[in-house]
>>> print(open('input.pdb').read())   # PDB, C-alpha atoms, pLDDT in the B column
ATOM      1  CA  ILE Z   3       5.534  -3.471  -6.350  1.00 88.00           C
ATOM      2  CA  ASP Z   4       3.821  -2.304  -9.491  1.00 86.00           C
ATOM      3  CA  LEU Z   5       1.737  -3.888 -12.196  1.00 83.00           C
ATOM      4  CA  PRO Z   6       1.955  -1.285 -14.953  1.00 72.00           C
ATOM      5  CA  PRO Z   7      -0.528  -1.333 -17.824  1.00 72.00           C
ATOM      6  CA  ILE Z   8       0.772  -3.587 -20.575  1.00 70.00           C
ATOM      7  CA  ALA Z   9      -0.182  -1.323 -23.467  1.00 70.00           C
ATOM      8  CA  ASP Z  10       0.796   2.007 -21.867  1.00 70.00           C
ATOM      9  CA  ARG Z  11       4.568   2.193 -22.290  1.00 72.00           C
ATOM     10  CA  GLU Z  12       4.663   5.895 -21.357  1.00 75.00           C
ATOM     11  CA  SER Z  13       3.374   5.242 -17.844  1.00 73.00           C
ATOM     12  CA  ARG Z  14       6.192   2.720 -17.294  1.00 74.00           C
ATOM     13  CA  LYS Z  15       8.717   5.539 -17.758  1.00 78.00           C
ATOM     14  CA  GLN Z  16       7.265   7.346 -14.742  1.00 82.00           C
ATOM     15  CA  ILE Z  17       7.709   4.483 -12.284  1.00 84.00           C
ATOM     16  CA  GLY Z  18      10.286   5.495  -9.679  1.00 86.00           C
ATOM     17  CA  THR Z  19      10.765   9.055 -10.941  1.00 89.00           C
ATOM     18  CA  LEU Z  20      10.061  10.474  -7.484  1.00 90.00           C
ATOM     19  CA  VAL Z  21      12.796   8.422  -5.831  1.00 93.00           C
ATOM     20  CA  PRO Z  22      15.668  10.852  -5.149  1.00 95.00           C
ATOM     21  CA  PRO Z  23      19.013   9.915  -6.735  1.00 94.00           C
ATOM     22  CA  GLU Z  24      20.633   9.340  -3.327  1.00 96.00           C
ATOM     23  CA  TYR Z  25      18.094   6.567  -2.601  1.00 94.00           C
ATOM     24  CA  LYS Z  26      18.049   4.896  -6.029  1.00 92.00           C
ATOM     25  CA  GLN Z  27      20.625   2.260  -5.036  1.00 93.00           C
ATOM     26  CA  ARG Z  28      18.366   1.173  -2.138  1.00 90.00           C
ATOM     27  CA  TRP Z  29      15.168   1.243  -4.228  1.00 91.00           C
ATOM     28  CA  CYS Z  30      14.000  -1.739  -6.216  1.00 89.00           C
ATOM     29  CA  LEU Z  31      10.972  -2.202  -8.449  1.00 89.00           C
ATOM     30  CA  HIS Z  32       9.222  -5.561  -8.298  1.00 90.00           C
ATOM     31  CA  GLN Z  33       6.867  -5.969 -11.242  1.00 88.00           C
ATOM     32  CA  GLY Z  34       3.813  -8.150 -10.927  1.00 90.00           C
ATOM     33  CA  SER Z  35       0.629  -8.435  -8.950  1.00 91.00           C
ATOM     34  CA  SER Z  36       0.831  -7.694  -5.236  1.00 92.00           C
ATOM     35  CA  ARG Z  37      -1.020 -10.948  -4.583  1.00 92.00           C
ATOM     36  CA  ARG Z  38       1.933 -12.837  -6.072  1.00 94.00           C
ATOM     37  CA  VAL Z  39       4.914 -10.571  -5.234  1.00 94.00           C
ATOM     38  CA  LEU Z  40       4.132  -9.308  -1.713  1.00 94.00           C
ATOM     39  CA  PRO Z  41       4.171 -12.716   0.032  1.00 94.00           C
ATOM     40  CA  ILE Z  42       7.471 -13.573  -1.694  1.00 93.00           C
ATOM     41  CA  LEU Z  43       9.097 -10.340  -0.501  1.00 92.00           C
ATOM     42  CA  LEU Z  44       7.836 -10.766   3.043  1.00 93.00           C
ATOM     43  CA  ALA Z  45       9.026 -14.402   3.122  1.00 91.00           C
ATOM     44  CA  ARG Z  46      12.564 -13.321   2.184  1.00 87.00           C
ATOM     45  CA  SER Z  47      13.041 -12.047   5.730  1.00 69.00           C
ATOM     46  CA  ILE Z  48      13.246  -8.408   4.722  1.00 73.00           C
ATOM     47  CA  GLY Z  49      12.541  -7.597   8.338  1.00 79.00           C
ATOM     48  CA  LYS Z  50       9.665  -5.580   9.640  1.00 91.00           C
ATOM     49  CA  VAL Z  51       7.806  -3.086   7.476  1.00 94.00           C
ATOM     50  CA  ASN Z  52       7.781   0.385   9.025  1.00 95.00           C
ATOM     51  CA  ILE Z  53       5.393   2.001   6.562  1.00 95.00           C
ATOM     52  CA  PHE Z  54       3.217   0.271   3.992  1.00 95.00           C
ATOM     53  CA  LEU Z  55       1.517   2.383   1.323  1.00 95.00           C
ATOM     54  CA  HIS Z  56      -1.343   0.942  -0.692  1.00 94.00           C
ATOM     55  CA  ASP Z  57      -1.853   3.107  -3.768  1.00 89.00           C
ATOM     56  CA  SER Z  58      -3.050   0.767  -6.467  1.00 80.00           C
ATOM     57  CA  ALA Z  59      -6.333  -0.474  -7.844  1.00 78.00           C
ATOM     58  CA  GLN Z  60      -9.262   0.444  -5.665  1.00 87.00           C
ATOM     59  CA  ILE Z  61     -10.673  -3.054  -5.867  1.00 92.00           C
ATOM     60  CA  TYR Z  62     -11.684  -4.977  -2.760  1.00 95.00           C
ATOM     61  CA  ARG Z  63     -10.124  -8.238  -3.972  1.00 94.00           C
ATOM     62  CA  VAL Z  64      -6.773  -6.422  -4.341  1.00 93.00           C
ATOM     63  CA  GLN Z  65      -6.931  -4.285  -1.199  1.00 95.00           C
ATOM     64  CA  MET Z  66      -8.034  -6.780   1.459  1.00 96.00           C
ATOM     65  CA  PRO Z  67      -5.441  -9.468   0.639  1.00 95.00           C
ATOM     66  CA  GLU Z  68      -2.698  -6.813   0.708  1.00 95.00           C
ATOM     67  CA  PHE Z  69      -3.836  -5.525   4.103  1.00 97.00           C
ATOM     68  CA  GLN Z  70      -4.103  -9.024   5.577  1.00 97.00           C
ATOM     69  CA  THR Z  71      -0.759 -10.136   4.132  1.00 96.00           C
ATOM     70  CA  VAL Z  72       1.312  -7.163   5.254  1.00 96.00           C
ATOM     71  CA  TRP Z  73      -0.254  -6.406   8.662  1.00 96.00           C
ATOM     72  CA  PRO Z  74       1.592  -9.156  10.596  1.00 95.00           C
ATOM     73  CA  HIS Z  75       4.876  -7.794   9.192  1.00 95.00           C
ATOM     74  CA  ILE Z  76       4.314  -4.157  10.145  1.00 96.00           C
ATOM     75  CA  SER Z  77       6.606  -3.044  12.948  1.00 95.00           C
ATOM     76  CA  SER Z  78       5.387  -1.639  16.211  1.00 94.00           C
ATOM     77  CA  PRO Z  79       5.311   1.319  15.936  1.00 95.00           C
ATOM     78  CA  GLY Z  80       4.454   1.281  12.252  1.00 96.00           C
ATOM     79  CA  ALA Z  81       1.778   2.424   9.833  1.00 98.00           C
ATOM     80  CA  MET Z  82      -0.321   1.296   6.920  1.00 98.00           C
ATOM     81  CA  ILE Z  83      -1.487   4.096   4.610  1.00 98.00           C
ATOM     82  CA  VAL Z  84      -4.292   3.497   2.123  1.00 97.00           C
ATOM     83  CA  ASN Z  85      -4.987   5.868  -0.753  1.00 93.00           C
ATOM     84  CA  ASN Z  86      -8.656   6.110  -1.778  1.00 91.00           C
ATOM     85  CA  ALA Z  87      -9.691   4.186   1.330  1.00 93.00           C
ATOM     86  CA  GLY Z  88     -13.369   4.982   0.849  1.00 89.00           C
ATOM     87  CA  THR Z  89     -13.824   3.511  -2.628  1.00 90.00           C
ATOM     88  CA  THR Z  90     -14.456   0.000  -1.284  1.00 93.00           C
ATOM     89  CA  THR Z  91     -15.336  -1.418   2.121  1.00 95.00           C
ATOM     90  CA  ALA Z  92     -11.933  -3.116   2.510  1.00 96.00           C
ATOM     91  CA  PHE Z  93     -10.370  -0.438   4.737  1.00 97.00           C
ATOM     92  CA  ALA Z  94     -13.428  -0.166   7.009  1.00 96.00           C
ATOM     93  CA  GLU Z  95     -13.745  -3.949   7.297  1.00 97.00           C
ATOM     94  CA  PHE Z  96     -10.033  -4.344   8.031  1.00 98.00           C
ATOM     95  CA  VAL Z  97     -10.169  -1.746  10.814  1.00 97.00           C
ATOM     96  CA  LYS Z  98     -13.291  -3.322  12.292  1.00 97.00           C
ATOM     97  CA  GLU Z  99     -11.764  -6.818  12.123  1.00 96.00           C
ATOM     98  CA  ARG Z 100      -8.346  -5.902  13.569  1.00 95.00           C
ATOM     99  CA  ASN Z 101      -9.493  -3.209  16.020  1.00 94.00           C
ATOM    100  CA  PRO Z 102      -6.110  -1.409  15.912  1.00 95.00           C
ATOM    101  CA  HIS Z 103      -4.973   0.989  18.623  1.00 90.00           C
ATOM    102  CA  SER Z 104      -5.308   4.016  16.320  1.00 96.00           C
ATOM    103  CA  TRP Z 105      -6.735   4.619  12.888  1.00 97.00           C
ATOM    104  CA  PHE Z 106      -8.171   7.583  11.028  1.00 95.00           C
ATOM    105  CA  ALA Z 107      -9.330   8.763   7.629  1.00 95.00           C
ATOM    106  CA  ILE Z 108      -8.397  12.074   6.037  1.00 94.00           C
ATOM    107  CA  GLU Z 109     -10.618  13.693   3.428  1.00 90.00           C
ATOM    108  CA  GLN Z 110      -9.074  15.932   0.791  1.00 81.00           C
ATOM    109  CA  ARG Z 111     -10.750  19.319   0.613  1.00 79.00           C
ATOM    110  CA  GLU Z 112     -10.396  19.464  -3.151  1.00 82.00           C
ATOM    111  CA  LYS Z 113     -11.878  16.009  -3.674  1.00 76.00           C
ATOM    112  CA  THR Z 114     -14.932  15.450  -1.514  1.00 75.00           C
ATOM    113  CA  GLY Z 115     -15.246  11.798  -0.609  1.00 75.00           C
ATOM    114  CA  ASP Z 116     -11.614  10.986  -1.458  1.00 84.00           C
ATOM    115  CA  LEU Z 117     -10.262   9.462   1.756  1.00 92.00           C
ATOM    116  CA  THR Z 118      -6.765   8.480   2.774  1.00 95.00           C
ATOM    117  CA  GLY Z 119      -6.842   5.877   5.536  1.00 96.00           C
ATOM    118  CA  VAL Z 120      -4.115   5.430   8.120  1.00 98.00           C
ATOM    119  CA  VAL Z 121      -3.787   2.541  10.572  1.00 98.00           C
ATOM    120  CA  LEU Z 122      -1.141   2.779  13.293  1.00 97.00           C
ATOM    121  CA  LYS Z 123       0.337  -0.284  14.938  1.00 96.00           C
ATOM    122  CA  MET Z 124       1.557   0.396  18.452  1.00 93.00           C
TER     123      MET Z 124
END
>>> encode(input="input.pdb", output="structure tokens")
Amino acid sequence: IDLPPIADRESRKQIGTLVPPEYKQRWCLHQGSSRRVLPILLARSIGKVNIFLHDSAQIYRVQMPEFQTVWPHISSPGAMIVNNAGTTTAFAEFVKERNPHSWFAIEQREKTGDLTGVVLKM
């Protein structure tokens, strides 16, 4: 799911460039807001989600609904990975609210304060 900037056509060209050619036929871009698109995808019975990666706007009102929407669909074992987990309180509040079996935050040496959060579902 991606909501690319409307005016920045160059950034649109980069979407999916890291998907290896052998996986392209299994990869699909869904354009739109995660608030609108994610529930539709999960309702289509795509099965359980093994790994969910949040790497979009570091805005609480975007992060928390994503976490709450996808968590019931994450397989056991499974993982939710959150880039820039320390920029809002969403990750910390989600972990406190759900009290998962395992969670941790990784700080990048090169970027002090830049945290990647991981929540494991067992």
>>> resolve_selection(input="input.pdb", expression="the PyMOL selection byres ((chain Z and resi 33) around 8)", output="list in words")
Ile3, Asp4, Leu5, Pro6, Leu31, His32, Gly34, Ser35 and Val39 of chain Z
>>> resolve_selection(input="input.pdb", expression="the PyMOL selection byres ((chain Z and resi 74) around 10)", output="ChimeraX atom specification")
/Z:44,50-51,69-73,75-77,123
>>> resolve_selection(input="input.pdb", expression="the PyMOL selection byres ((chain Z and resi 37) around 8)", output="PyMOL selection string")
chain Z and resi 35-36+38-41+64+67-68
>>> write_last_selection(input="input.pdb", atoms="C-alpha atoms", output="PDB file, in the coordinates of the input")
ATOM      1  CA  SER Z  35       0.629  -8.435  -8.950  1.00 91.00           C
ATOM      2  CA  SER Z  36       0.831  -7.694  -5.236  1.00 92.00           C
ATOM      3  CA  ARG Z  38       1.933 -12.837  -6.072  1.00 94.00           C
ATOM      4  CA  VAL Z  39       4.914 -10.571  -5.234  1.00 94.00           C
ATOM      5  CA  LEU Z  40       4.132  -9.308  -1.713  1.00 94.00           C
ATOM      6  CA  PRO Z  41       4.171 -12.716   0.032  1.00 94.00           C
ATOM      7  CA  VAL Z  64      -6.773  -6.422  -4.341  1.00 93.00           C
ATOM      8  CA  PRO Z  67      -5.441  -9.468   0.639  1.00 95.00           C
ATOM      9  CA  GLU Z  68      -2.698  -6.813   0.708  1.00 95.00           C
TER      10      GLU Z  68
END
>>> closest_residue(input="input.pdb", among="Z:Thr118, Z:Ile53, Z:Ile8, Z:Leu20", to="Gly80 (chain Z)", atoms="only C-alpha atoms")
Z:Ile53
>>> residues_near_point(input="input.pdb", point="(-7.9, -3.5, 7.6)", cutoff="12 Å", atoms="only C-alpha atoms", output="VMD selection string")
chain Z and resid 56 62 65 to 74 81 to 84 87 90 to 102 104 to 106 119 to 123
>>> axis_aligned_box(input="input.pdb", around="region 45-60 of chain Z", padding_each_side="6 Å", output="lines of an AutoDock Vina configuration file")
center_x = 2.0
center_y = -5.6
center_z = 0.9
size_x = 34.5
size_y = 29.5
size_z = 29.5
>>> closest_residue(input="input.pdb", among="Z:Pro22, Z:Gln16, Z:Asn85, Z:Cys30", to="Leu43 (chain Z)", atoms="only C-alpha atoms")
Z:Cys30
>>> closest_residue(input="input.pdb", among="Z:Gln60, Z:Gln110, Z:Asn52, Z:Gln27", to="Ser78 (chain Z)", atoms="all atoms listed in the file")
Z:Asn52
>>> atom_distance(input="input.pdb", atom1="CA of Thr114 (chain Z)", atom2="CA of Arg14 (chain Z)")
29.3 Å
>>> atom_distance(input="input.pdb", atom1="CA of Asn86 (chain Z)", atom2="CA of Thr19 (chain Z)")
21.7 Å
>>> atom_distance(input="input.pdb", atom1="CA of Ala59 (chain Z)", atom2="CA of Thr89 (chain Z)")
10.0 Å
>>> closest_residue(input="input.pdb", among="Z:Ser58, Z:Gly88, Z:Ile17, Z:Ala9", to="Asp116 (chain Z)", atoms="all atoms listed in the file")
Z:Gly88
